[in-house]
$ cat upload.cif   # mmCIF, C-alpha atoms
data_model
#
loop_
_atom_site.label_atom_id
_atom_site.label_comp_id
_atom_site.auth_asym_id
_atom_site.auth_seq_id
_atom_site.Cartn_x
_atom_site.Cartn_y
_atom_site.Cartn_z
CA MET P 1 117.94 99.22 109.10
CA ALA P 2 116.91 102.13 106.92
CA PRO P 3 118.33 105.59 107.45
CA ASP P 4 116.32 108.10 109.44
CA LEU P 5 114.18 109.23 106.53
CA PRO P 6 110.46 109.90 106.21
CA VAL P 7 108.45 107.92 103.68
CA GLY P 8 108.29 110.64 101.02
CA GLN P 9 112.07 110.81 100.74
CA LEU P 10 112.19 107.18 99.66
CA PHE P 11 110.13 107.95 96.57
CA GLY P 12 112.04 108.28 93.34
CA ARG P 13 115.09 106.38 94.58
CA PRO P 14 116.44 103.71 92.23
CA VAL P 15 116.08 100.06 93.24
CA ILE P 16 118.64 97.46 92.21
CA ASP P 17 118.00 93.71 92.26
CA SER P 18 120.38 90.95 93.32
CA ASP P 19 121.72 90.71 89.76
CA GLY P 20 122.77 94.35 89.89
CA ARG P 21 120.12 95.51 87.46
CA THR P 22 117.99 98.58 88.04
CA ILE P 23 114.38 97.43 88.47
CA GLY P 24 112.94 100.91 88.61
CA HIS P 25 112.29 103.67 91.09
CA VAL P 26 110.28 103.73 94.29
CA HIS P 27 106.80 104.83 93.39
CA ASP P 28 104.81 104.24 96.57
CA ALA P 29 104.88 102.53 99.97
CA ARG P 30 102.28 99.91 100.83
CA LEU P 31 101.00 100.15 104.39
CA ARG P 32 99.24 97.44 106.39
CA ARG P 33 97.52 98.13 109.68
CA ASP P 34 99.24 95.55 111.82
CA GLY P 35 101.96 97.57 113.55
CA PRO P 36 102.36 98.42 117.23
CA PHE P 37 99.19 99.51 119.02
CA ILE P 38 98.88 103.30 119.31
CA ALA P 39 96.43 104.50 121.95
CA GLY P 40 93.52 106.31 120.32
CA PHE P 41 94.44 105.10 116.84
CA GLY P 42 94.75 101.35 117.09
CA PRO P 43 97.31 99.23 115.26
CA ALA P 44 99.81 101.47 113.49
CA TYR P 45 100.43 101.33 109.76
CA ARG P 46 103.40 99.08 109.16
CA ILE P 47 105.36 99.54 105.95
CA GLU P 48 104.82 96.22 104.21
CA GLY P 49 106.89 97.00 101.16
CA LEU P 50 107.61 99.36 98.32
CA LEU P 51 106.03 99.69 94.90
CA VAL P 52 108.61 100.09 92.19
CA ARG P 53 108.14 101.02 88.56
CA LEU P 54 110.11 102.25 85.61
CA ARG P 55 109.73 105.92 84.83
CA SER P 56 107.02 106.46 82.23
CA ILE P 57 104.77 109.13 80.81
CA ALA P 58 101.77 107.38 82.39
CA GLY P 59 103.52 107.65 85.75
CA ARG P 60 104.21 111.32 85.21
CA LEU P 61 100.54 111.85 84.46
CA GLY P 62 99.56 109.89 87.57
CA ILE P 63 97.35 107.47 85.68
CA ASP P 64 99.38 104.30 86.27
CA ARG P 65 96.91 102.74 88.70
CA PRO P 66 94.88 99.56 88.21
CA ASN P 67 91.57 101.12 89.20
CA ILE P 68 91.74 104.26 87.12
CA ALA P 69 88.28 105.16 85.84
CA GLY P 70 88.35 106.44 82.28
CA PRO P 71 88.26 108.17 79.97
CA TRP P 72 89.27 105.75 77.29
CA PRO P 73 92.08 105.36 76.22
CA LEU P 74 93.74 106.80 79.33
CA ASP P 75 92.29 104.04 81.52
CA VAL P 76 93.68 101.33 79.23
CA TRP P 77 97.04 103.07 79.12
CA GLY P 78 97.09 103.53 82.91
CA ARG P 79 96.15 99.94 83.68
CA ARG P 80 98.77 98.67 81.27
CA ALA P 81 101.42 100.81 82.96
CA ALA P 82 100.27 99.60 86.41
CA ARG P 83 100.85 95.98 85.37
CA ARG P 84 104.56 96.76 85.10
CA ALA P 85 104.81 97.89 88.75
CA ARG P 86 106.52 95.47 91.13
CA PHE P 87 106.14 94.98 94.87
CA ILE P 88 109.28 94.64 96.99
CA PRO P 89 108.84 93.35 100.57
CA TRP P 90 110.49 95.72 103.03
CA ASP P 91 112.52 93.00 104.70
CA THR P 92 114.36 92.28 101.43
CA VAL P 93 115.55 95.86 101.04
CA THR P 94 118.86 97.36 102.14
CA PHE P 95 119.90 100.98 101.83
CA GLU P 96 123.11 102.16 100.19
CA ASP P 97 123.32 105.94 100.10
CA ASP P 98 120.64 107.04 97.63
CA VAL P 99 120.09 103.55 96.23
CA LEU P 100 117.94 100.70 97.52
CA ARG P 101 118.96 97.12 96.93
CA THR P 102 116.75 94.06 97.15
CA ARG P 103 118.10 90.57 97.64
CA LEU P 104 115.51 89.27 95.16
CA THR P 105 115.90 89.11 91.41
CA ALA P 106 113.49 90.97 89.16
CA ALA P 107 111.88 87.65 88.19
CA GLU P 108 111.12 86.84 91.83
CA LEU P 109 109.21 90.05 92.47
CA SER P 110 105.44 89.93 92.59
CA PRO P 111 103.22 92.37 90.66
CA GLY P 112 102.58 95.66 92.42
CA TYR P 113 98.84 95.40 91.91
CA GLU P 114 96.56 92.37 91.89
CA MET J 115 88.37 103.41 123.62
CA THR J 116 87.39 104.67 120.15
CA LEU J 117 89.82 103.69 117.44
CA ALA J 118 90.46 105.60 114.24
CA ARG J 119 88.22 104.85 111.25
CA VAL J 120 90.89 104.05 108.71
CA PRO J 121 91.36 101.40 106.03
CA ASP J 122 93.31 98.24 106.88
CA GLY J 123 95.70 98.76 104.02
CA LEU J 124 96.60 101.63 101.73
CA ASP J 125 99.33 103.03 99.53
CA ALA J 126 100.94 105.96 101.29
CA GLY J 127 101.64 108.09 98.26
CA LEU J 128 98.15 107.71 96.86
CA ALA J 129 96.03 107.81 100.01
CA LEU J 130 97.97 109.91 102.51
CA LEU J 131 100.63 112.19 101.07
CA ASP J 132 99.43 115.65 100.05
CA ARG J 133 95.98 115.03 101.56
CA GLN J 134 94.28 117.80 103.50
CA ILE J 135 94.37 117.49 107.28
CA VAL J 136 91.21 118.75 109.01
CA ASP J 137 90.63 119.20 112.72
CA CYS J 138 87.78 117.82 114.83
CA ASP J 139 85.52 120.69 113.69
CA GLY J 140 86.30 120.24 110.01
CA ARG J 141 88.64 123.24 109.83
CA PRO J 142 91.69 122.89 107.55
CA VAL J 143 94.98 122.44 109.37
CA ALA J 144 97.68 121.62 106.82
CA LYS J 145 98.58 119.13 104.15
CA VAL J 146 100.27 115.80 104.81
CA ASP J 147 103.72 116.64 103.50
CA ASP J 148 105.42 113.45 104.65
CA LEU J 149 105.13 110.50 107.03
CA GLU J 150 107.49 109.82 109.91
CA ILE J 151 108.89 106.30 110.17
CA ALA J 152 109.60 104.63 113.51
CA TYR J 153 110.79 101.08 114.18
CA ASP J 154 109.28 98.55 116.55
CA ALA J 155 111.25 96.22 118.82
CA GLU J 156 111.81 93.80 115.94
CA GLY J 157 113.11 96.54 113.66
CA ARG J 158 109.98 96.65 111.51
CA PRO J 159 109.03 100.11 110.25
CA TYR J 160 105.69 101.76 110.93
CA ILE J 161 104.18 105.20 110.51
CA SER J 162 104.35 107.16 113.76
CA ALA J 163 103.33 110.68 112.74
CA LEU J 164 102.15 112.97 109.97
CA LEU J 165 104.71 115.61 108.99
CA TYR J 166 103.66 118.96 107.60
CA GLY J 167 105.07 122.33 106.65
CA ALA J 168 108.05 123.47 104.63
CA GLY J 169 110.44 121.35 106.69
CA ALA J 170 108.71 118.21 105.43
CA ALA J 171 107.73 119.40 101.95
CA GLY J 172 111.10 120.94 101.02
CA PRO J 173 113.19 117.74 101.06
CA ARG J 174 110.55 115.96 98.93
CA ILE J 175 110.97 118.51 96.16
CA ARG J 176 114.09 117.62 94.23
CA GLY J 177 116.62 120.06 92.92
CA GLY J 178 117.33 123.66 93.75
CA VAL J 179 113.75 124.60 94.56
CA GLY J 180 113.51 121.96 97.29
CA ARG J 181 116.90 122.90 98.72
CA ALA J 182 115.90 126.59 98.75
CA ILE J 183 112.62 125.88 100.55
CA THR J 184 114.40 123.76 103.13
CA ALA J 185 117.16 126.35 103.60
CA ILE J 186 114.66 129.19 104.12
CA TRP J 187 112.69 127.04 106.57
CA ARG J 188 115.86 126.26 108.51
CA ARG J 189 116.78 129.94 108.60
CA PHE J 190 113.48 130.83 110.23
CA ARG J 191 113.64 128.10 112.87
CA PRO J 192 115.36 128.94 116.15
CA GLU J 193 116.66 125.39 116.77
CA PHE J 194 120.17 124.33 115.74
CA ASP J 195 118.85 121.18 114.04
CA PRO J 196 115.13 121.79 113.39
CA ARG J 197 112.77 118.89 112.75
CA PRO J 198 109.60 119.08 110.64
CA ALA J 199 106.36 119.79 112.48
CA ARG J 200 104.55 116.56 113.31
CA ILE J 201 101.15 115.32 114.36
CA PRO J 202 101.36 112.00 116.22
CA LEU J 203 99.15 109.28 114.82
CA ASN J 204 97.16 109.04 118.06
CA HIS J 205 95.47 112.34 117.08
CA VAL J 206 94.20 110.88 113.79
CA SER J 207 90.54 109.86 114.00
CA GLY J 208 89.86 108.93 110.39
CA ILE J 209 91.13 108.79 106.84
CA ASP J 210 89.01 109.25 103.74
CA SER J 211 89.61 111.87 101.09
CA ALA J 212 91.09 113.91 103.95
CA VAL J 213 92.88 113.05 107.18
CA HIS J 214 90.66 113.82 110.17
CA LEU J 215 92.04 114.74 113.59
CA SER J 216 90.44 114.30 116.99
CA ILE J 217 91.84 117.63 118.27
CA PRO J 218 91.16 121.28 117.36
CA VAL J 219 93.49 123.26 115.12
CA THR J 220 94.30 125.53 118.07
CA ALA J 221 96.08 122.61 119.75
CA ILE J 222 98.48 122.19 116.84
CA ASP J 223 101.78 123.93 116.37
CA LEU J 224 101.52 125.96 113.14
CA PRO J 225 104.68 128.10 113.08
CA VAL J 226 104.07 129.91 109.80
CA THR J 227 100.42 130.63 110.54
CA THR J 228 101.33 131.86 114.01
CA TRP J 229 104.12 134.03 112.61
CA VAL J 230 101.82 135.57 109.96
CA ASN J 231 99.09 136.18 112.54
CA ASP J 232 101.43 137.77 115.06
CA ARG J 233 103.57 139.83 112.69
CA ILE J 234 101.07 140.83 110.00
CA ILE J 235 97.40 140.08 110.59
CA ARG J 236 97.17 141.49 114.12
CA LYS J 237 98.78 144.78 113.02
CA ILE J 238 96.09 145.44 110.45
CA PRO J 239 93.58 147.98 111.83
CA GLY J 240 90.36 146.19 112.74
CA ALA J 241 92.02 142.76 112.81
CA GLY J 242 90.59 142.05 116.26
CA HIS J 243 87.03 142.84 115.25
CA GLY J 244 86.41 139.61 113.38
CA ALA J 245 83.49 137.40 114.24
#
$ encode --input "upload.cif" --output "structure tokens"
Amino acid sequence: MAPDLPVGQLFGRPVIDSDGRTIGHVHDARLRRDGPFIAGFGPAYRIEGLLVRLRSIAGRLGIDRPNIAGPWPLDVWGRRAARRARFIPWDTVTFEDDVLRTRLTAAELSPGYE
Amino acid sequence: MTLARVPDGLDAGLALLDRQIVDCDGRPVAKVDDLEIAYDAEGRPYISALLYGAGAAGPRIRGGVGRAITAIWRRFRPEFDPRPARIPLNHVSGIDSAVHLSIPVTAIDLPVTTWVNDRIIRKIPGAGHGA
């Protein structure tokens, strides 16, 4: 189980794969609306997994998204950076102090964006 | 029962964090400074509330600035172990470019706004004559 932290405090934490290599840092949390039913809201947002990426200038600029709309060449640069993001299912993650570990190897991780 | 008009899936950092929260009349309330995590019976995490205010924003800001914001916030709170202000998800009616609530801003605990109103705004001559 994760420590009692809100979502935002997971961002920026390093993620290590089962080979002990740093995959990157937590960049975002993917939510899916299939959690417990909340009256007046409906199914809650369950945390499906974490998006992890290496630190980059594109990330700093906030353009590392697959659907960024221009201008050229920032859109090309941003989409290329987004292809390097990886998705880590939540149930493969364990917490060790400030570090997150996944029981998957880097090669087993799926792309962060379709 | 009316359910919230929200997307089926989203990325929290992109679509929720730092978004404006507006009340049922469209008045600004706060920003989404963080998201509270709860766990269901099977130990799976889900979002249970929006967190706002310095108590939520401070820890997200790394380094000395974040620690200073959090320390000042703690100093102003009367509780021994203060928790960030929260809006339970059942008050959220929609998510688009902003997060919409089903309740008015007057029903929400806004400690800083209340403090500024009570200690500063109300002492200004003519403060009670507003429309």
$ closest_residue --input "upload.cif" --among "P:Tyr113, P:Phe41, P:Trp72, P:Phe87" --to "J:Asn204" --atoms "all atoms listed in the file"
P:Phe41
$ interface_residues --input "upload.cif" --of "chain J" --to "chain P" --cutoff "8 Å" --atoms "only C-alpha atoms" --output "PyMOL selection string"
chain J and resi 115-118+121-128+131+147-151+154+157-162+173-174+203-207
$ resolve_selection --input "upload.cif" --expression "the PyMOL selection byres ((chain P and resi 56-58) around 10)" --output "list in words"
Arg53, Leu54, Arg55, Gly59, Arg60, Leu61, Gly62, Ile63, Asp64, Arg65, Leu74, Trp77, Gly78, Arg79, Arg80, Ala81 and Ala82 of chain P
$ atom_distance --input "upload.cif" --atom1 "atom CA of J:Ile209" --atom2 "atom CA of J:Val120"
5.1 Å
$ residues_around --input "upload.cif" --residues "stretch 93-103 of chain P" --least-positions-apart "4" --cutoff "7 Å" --atoms "all atoms listed in the file" --output "PyMOL selection string"
chain P and resi 2+13-18
$ resolve_selection --input "upload.cif" --expression "the PyMOL selection byres ((chain J and resi 223) around 12)" --output "PyMOL selection string"
chain J and resi 143-144+165-167+198-202+217-222+224-229
$ atom_distance --input "upload.cif" --atom1 "atom CA of J:Ile175" --atom2 "atom CA of P:Pro111"
27.8 Å
$ atom_distance --input "upload.cif" --atom1 "atom CA of J:Leu164" --atom2 "atom CA of P:Val52"
22.9 Å
$ build_atoms --input "upload.cif" --residues "stretch 184-195 of chain J" --atoms "all heavy atoms" --output "compact mmCIF listing (two decimals), keeping the file's coordinate frame"
# COMPACT_ATOMS: atom_id res chain seq x y z
N THR J 184 113.89 124.31 101.88
CA THR J 184 114.40 123.76 103.13
C THR J 184 115.35 124.75 103.82
O THR J 184 115.30 124.92 105.04
CB THR J 184 115.13 122.43 102.86
OG1 THR J 184 114.27 121.57 102.11
CG2 THR J 184 115.50 121.74 104.17
N ALA J 185 116.20 125.41 103.03
CA ALA J 185 117.16 126.35 103.60
C ALA J 185 116.44 127.54 104.24
O ALA J 185 116.80 127.98 105.34
CB ALA J 185 118.13 126.83 102.52
N ILE J 186 115.41 128.05 103.56
CA ILE J 186 114.66 129.19 104.12
C ILE J 186 113.95 128.76 105.40
O ILE J 186 113.95 129.48 106.41
CB ILE J 186 113.65 129.72 103.07
CG1 ILE J 186 114.41 130.35 101.90
CG2 ILE J 186 112.68 130.71 103.70
CD1 ILE J 186 113.56 130.64 100.68
N TRP J 187 113.37 127.55 105.36
CA TRP J 187 112.69 127.04 106.57
C TRP J 187 113.67 126.93 107.74
O TRP J 187 113.37 127.34 108.85
CB TRP J 187 112.06 125.68 106.24
CG TRP J 187 111.59 124.94 107.44
CD1 TRP J 187 110.45 125.16 108.16
CD2 TRP J 187 112.24 123.83 108.06
NE1 TRP J 187 110.36 124.26 109.19
CE2 TRP J 187 111.44 123.43 109.14
CE3 TRP J 187 113.41 123.12 107.79
CZ2 TRP J 187 111.79 122.36 109.98
CZ3 TRP J 187 113.76 122.05 108.61
CH2 TRP J 187 112.95 121.69 109.68
N ARG J 188 114.86 126.39 107.46
CA ARG J 188 115.86 126.26 108.51
C ARG J 188 116.27 127.62 109.07
O ARG J 188 116.47 127.79 110.27
CB ARG J 188 117.12 125.56 107.97
CG ARG J 188 116.99 124.09 107.84
CD ARG J 188 118.31 123.47 107.37
NE ARG J 188 118.21 122.04 107.36
CZ ARG J 188 118.40 121.28 108.42
NH1 ARG J 188 118.74 121.83 109.56
NH2 ARG J 188 118.27 119.98 108.35
N ARG J 189 116.35 128.60 108.18
CA ARG J 189 116.78 129.94 108.60
C ARG J 189 115.79 130.57 109.57
O ARG J 189 116.16 131.33 110.45
CB ARG J 189 116.92 130.81 107.34
CG ARG J 189 117.50 132.19 107.57
CD ARG J 189 118.97 132.10 107.92
NE ARG J 189 119.52 133.41 108.26
CZ ARG J 189 119.46 133.94 109.49
NH1 ARG J 189 118.87 133.29 110.46
NH2 ARG J 189 120.00 135.12 109.73
N PHE J 190 114.51 130.23 109.39
CA PHE J 190 113.48 130.83 110.23
C PHE J 190 113.27 130.06 111.54
O PHE J 190 112.54 130.53 112.40
CB PHE J 190 112.15 130.92 109.46
CG PHE J 190 112.07 132.14 108.60
CD1 PHE J 190 112.47 132.08 107.28
CD2 PHE J 190 111.60 133.34 109.09
CE1 PHE J 190 112.41 133.21 106.47
CE2 PHE J 190 111.54 134.48 108.30
CZ PHE J 190 111.94 134.42 106.98
N ARG J 191 113.84 128.88 111.65
CA ARG J 191 113.64 128.10 112.87
C ARG J 191 114.73 128.44 113.89
O ARG J 191 115.90 128.57 113.53
CB ARG J 191 113.70 126.59 112.56
CG ARG J 191 112.63 126.11 111.62
CD ARG J 191 111.25 126.28 112.17
NE ARG J 191 111.04 125.45 113.36
CZ ARG J 191 109.91 125.41 114.05
NH1 ARG J 191 108.91 126.18 113.71
NH2 ARG J 191 109.79 124.64 115.09
N PRO J 192 114.37 128.57 115.14
CA PRO J 192 115.36 128.94 116.15
C PRO J 192 116.28 127.79 116.56
O PRO J 192 117.37 128.03 117.07
CB PRO J 192 114.49 129.38 117.34
CG PRO J 192 113.18 128.68 117.15
CD PRO J 192 113.01 128.52 115.67
N GLU J 193 115.86 126.52 116.32
CA GLU J 193 116.66 125.39 116.77
C GLU J 193 117.92 125.22 115.91
O GLU J 193 117.93 125.60 114.75
CB GLU J 193 115.85 124.08 116.71
CG GLU J 193 114.54 124.10 117.46
CD GLU J 193 113.37 124.45 116.54
OE1 GLU J 193 113.61 125.19 115.56
OE2 GLU J 193 112.25 124.01 116.81
N PHE J 194 118.94 124.60 116.49
CA PHE J 194 120.17 124.33 115.74
C PHE J 194 119.90 123.29 114.65
O PHE J 194 120.38 123.42 113.53
CB PHE J 194 121.27 123.84 116.69
CG PHE J 194 122.53 123.43 115.98
CD1 PHE J 194 123.35 124.39 115.40
CD2 PHE J 194 122.88 122.10 115.87
CE1 PHE J 194 124.51 124.02 114.74
CE2 PHE J 194 124.03 121.71 115.21
CZ PHE J 194 124.84 122.69 114.65
N ASP J 195 119.17 122.24 115.01
CA ASP J 195 118.85 121.18 114.04
C ASP J 195 117.33 120.98 114.03
O ASP J 195 116.82 120.06 114.67
CB ASP J 195 119.57 119.88 114.43
CG ASP J 195 119.36 118.78 113.39
OD1 ASP J 195 119.00 119.12 112.24
OD2 ASP J 195 119.55 117.60 113.73
